[in-house]
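Asker: Data: data39.csv, CSV, C-alpha atoms.
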chain,number,residue,atom,x,y,z
A,63,MET,CA,-189.6,125.9,-18.7
A,64,LYS,CA,-189.8,126.8,-15.0
A,65,ARG,CA,-190.3,123.2,-14.1
A,66,ILE,CA,-187.2,122.1,-16.1
A,67,ALA,CA,-185.1,124.8,-14.3
A,68,LEU,CA,-186.4,123.7,-10.9
A,69,VAL,CA,-185.5,120.0,-11.7
A,70,ILE,CA,-182.0,121.0,-12.8
A,71,ALA,CA,-181.5,123.1,-9.6
A,72,ILE,CA,-182.7,120.2,-7.4
A,73,LEU,CA,-180.3,117.9,-9.2
A,74,ILE,CA,-177.4,120.2,-8.8
A,75,VAL,CA,-178.0,120.7,-5.1
A,76,GLY,CA,-178.4,116.9,-4.7
A,77,LEU,CA,-175.2,116.1,-6.5
A,78,HIS,CA,-173.3,118.7,-4.4
A,79,ALA,CA,-174.6,117.1,-1.2
A,80,ALA,CA,-173.8,113.7,-2.4
A,81,PHE,CA,-170.1,114.7,-3.1
A,82,ALA,CA,-169.8,116.4,0.2
A,83,ILE,CA,-170.2,113.1,2.1
A,84,ASP,CA,-167.1,111.2,2.9
A,85,VAL,CA,-167.8,107.5,2.4
A,86,LEU,CA,-165.5,105.6,4.7
A,87,PRO,CA,-165.5,101.8,5.2
A,88,PHE,CA,-165.9,101.4,8.9
A,89,LYS,CA,-165.6,97.9,10.4
A,90,ASP,CA,-168.6,98.4,12.8
A,91,ARG,CA,-170.8,101.0,14.4
A,92,ALA,CA,-168.5,101.5,17.3
A,93,GLU,CA,-165.6,102.5,15.1
A,94,GLU,CA,-167.9,105.0,13.3
A,95,VAL,CA,-169.0,106.5,16.6
A,96,ARG,CA,-165.3,106.7,17.7
A,97,PHE,CA,-164.4,108.5,14.4
A,98,GLN,CA,-167.3,110.9,14.8
A,99,ASN,CA,-166.4,111.7,18.4
A,100,LEU,CA,-162.8,112.3,17.5
A,101,THR,CA,-163.5,114.5,14.6
A,102,ARG,CA,-165.8,116.6,16.7
A,103,GLN,CA,-163.0,117.3,19.1
A,104,LEU,CA,-160.7,118.6,16.3
A,105,ARG,CA,-161.0,122.1,14.8
A,106,CYS,CA,-161.0,122.7,11.0
A,107,LEU,CA,-157.9,124.8,10.3
A,108,VAL,CA,-159.5,126.5,7.4
A,109,CYS,CA,-162.9,127.4,8.8
A,110,GLN,CA,-161.6,127.8,12.4
A,111,ASN,CA,-165.1,128.0,13.9
A,112,GLN,CA,-166.2,124.5,12.8
A,113,ASP,CA,-165.2,121.1,13.9
A,114,LEU,CA,-163.5,118.7,11.6
A,115,ALA,CA,-166.6,116.6,11.3
A,116,ASP,CA,-168.8,119.4,10.0
A,117,SER,CA,-166.4,121.2,7.7
A,118,ASP,CA,-166.6,121.0,3.9
A,119,ALA,CA,-163.1,122.4,3.3
A,120,ASP,CA,-160.7,120.3,1.3
A,121,LEU,CA,-158.1,120.3,4.1
A,122,ALA,CA,-160.8,119.0,6.5
A,123,LYS,CA,-161.6,116.2,4.1
A,124,ASP,CA,-157.9,115.3,3.9
A,125,LEU,CA,-157.6,115.4,7.7
A,126,ARG,CA,-160.7,113.3,8.2
A,127,ARG,CA,-159.2,110.7,5.8
A,128,GLN,CA,-155.9,110.9,7.6
A,129,VAL,CA,-157.6,110.4,11.0
A,130,PHE,CA,-159.5,107.4,9.6
A,131,GLU,CA,-156.3,105.8,8.2
A,132,MET,CA,-154.6,106.3,11.6
A,133,MET,CA,-157.6,104.7,13.3
A,134,GLN,CA,-157.3,101.8,10.9
A,135,SER,CA,-153.6,101.4,11.7
A,136,GLY,CA,-154.5,100.9,15.3
A,137,LYS,CA,-153.6,104.3,16.8
A,138,SER,CA,-155.5,105.5,19.9
A,139,ASP,CA,-157.4,108.7,20.0
A,140,GLU,CA,-154.6,110.3,22.1
A,141,GLN,CA,-151.9,109.3,19.6
A,142,ILE,CA,-153.9,110.7,16.8
A,143,LYS,CA,-154.5,114.0,18.7
A,144,GLN,CA,-150.8,114.2,19.6
A,145,TYR,CA,-149.8,113.7,16.0
A,146,LEU,CA,-152.1,116.5,14.9
A,147,VAL,CA,-151.0,118.8,17.7
A,148,SER,CA,-147.3,118.2,16.8
A,149,ARG,CA,-148.1,119.1,13.2
A,150,TYR,CA,-150.6,121.9,13.7
A,151,ASN,CA,-150.1,123.1,17.3
A,152,ASP,CA,-152.8,123.2,20.0
A,153,PHE,CA,-155.1,125.2,17.7
A,154,VAL,CA,-156.3,122.0,16.1
A,155,LEU,CA,-158.0,121.0,19.4
A,156,TYR,CA,-161.4,122.5,20.3
A,157,ASP,CA,-160.5,122.1,24.0
A,158,PRO,CA,-156.8,123.1,24.2
A,159,PRO,CA,-154.9,122.0,27.3
A,160,LEU,CA,-154.1,124.4,30.1
A,161,HIS,CA,-150.4,125.3,30.0
A,162,ALA,CA,-148.2,128.5,29.9
A,163,GLY,CA,-149.0,129.1,26.2
A,164,THR,CA,-152.8,129.0,26.6
A,165,TRP,CA,-153.4,130.6,30.0
A,166,LEU,CA,-154.6,133.8,28.3
A,167,LEU,CA,-157.0,131.8,26.2
A,168,TRP,CA,-158.5,130.2,29.3
A,169,PHE,CA,-158.5,133.1,31.8
A,170,GLY,CA,-158.4,136.2,29.5
A,171,PRO,CA,-162.2,136.6,29.3
A,172,PHE,CA,-162.5,136.5,33.1
A,173,ALA,CA,-159.6,139.0,33.5
A,174,PHE,CA,-161.3,141.4,31.0
A,175,LEU,CA,-164.6,140.9,32.7
A,176,ALA,CA,-163.1,141.7,36.1
A,177,LEU,CA,-161.2,144.7,34.7
A,178,GLY,CA,-164.5,146.0,33.1
A,179,ALA,CA,-166.3,145.6,36.4
A,180,PHE,CA,-163.6,147.5,38.2
A,181,VAL,CA,-163.7,150.4,35.7
A,182,VAL,CA,-167.5,150.6,35.9
A,183,THR,CA,-167.4,150.6,39.7
A,184,ARG,CA,-164.8,153.4,39.7
A,185,ILE,CA,-166.8,155.5,37.3
A,186,VAL,CA,-170.1,155.1,39.2
A,187,ARG,CA,-168.4,155.9,42.5
A,188,LYS,CA,-166.8,159.0,41.0
A,189,ARG,CA,-170.0,160.3,39.6
A,190,ALA,CA,-171.8,159.6,42.8
A,191,ARG,CA,-169.2,161.7,44.7
A,192,VAL,CA,-169.5,164.5,42.2
A,193,ALA,CA,-173.3,164.5,42.4
A,194,LEU,CA,-173.1,164.4,46.2
A,195,SER,CA,-170.7,167.3,46.4
A,196,ALA,CA,-172.8,169.3,43.9
A,197,ASN,CA,-175.9,168.7,46.2
A,198,THR,CA,-174.0,169.8,49.3
A,199,ASP,CA,-172.7,173.0,47.6
A,200,SER,CA,-176.1,174.0,46.5
A,201,GLU,CA,-177.5,173.5,50.0
A,202,GLU,CA,-174.8,175.8,51.5
A,203,ASP,CA,-175.9,178.7,49.3
A,204,TRP,CA,-179.3,178.8,51.2
Represent the structure from my file as structure tokens, please.
Answerer:
Amino acid sequence: MKRIALVIAILIVGLHAAFAIDVLPFKDRAEEVRFQNLTRQLRCLVCQNQDLADSDADLAKDLRRQVFEMMQSGKSDEQIKQYLVSRYNDFVLYDPPLHAGTWLLWFGPFAFLALGAFVVTRIVRKRARVALSANTDSEEDW
């Protein structure tokens, strides 16, 4: 009975993996590599932390199919990206361009790091001054 359950479980997992793969009719290996590179540069809008190539979300499958069809119609990578950006904003790109709307995204972590270093430095200096003045006060009592 356990063996039958194990075989059924393996079959279910195998079928799920088989349906997760998009079978796309590429002309040649170069086109397949281009497709893979392009979908790795695009973000899954559902998962948000996965690229389009690795996501199993239904929207990601639809977008992969759409990217493939646009490639088949002769569009360049930049044209495909521009179409997706016009439709879904810069968020669809894993490497968004630097412009007024994304400056905080690019430089925000550095600004917060600098602010944190400034605050820590001020606290350490203040504590050092308090400790130094406490030592000098105790020495004056002698």
Asker: How many Å separate CA of Arg105 in chain A from CA of Glu140 in chain A?
Answerer: 15.3 Å
Asker: Quick check, in Å to one decimal: how far apart do CA of Asn151 in chain A and CA of Ser138 in chain A lie?
Answerer: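 These atoms are spaced 18.6 Å apart.
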Asker: Quick one: pull the distance between CA of Leu166 in chain A and CA of Thr101 in chain A, Å, one decimal.
Answerer: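 CA of Thr101 in chain A lies at a distance of 25.3 Å from CA of Leu166 in chain A.
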Asker: Which one is closest to Arg126 in chain A: A:Ser148, A:Asn111, A:Gln103, A:Thr164? Count all atoms listed in the file.
Answerer: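 Checking each candidate against Arg126 in chain A, we get A:Gln103 as the closest.
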Asker: What's around Asp116 in chain A at 9 Å? Count all atoms listed in the file, leave out sequence neighbours fewer than 2 positions away in its own chain, and write the answer as a ChimeraX atom specification.
Answerer: /A:101-102,106,112-114,118,122
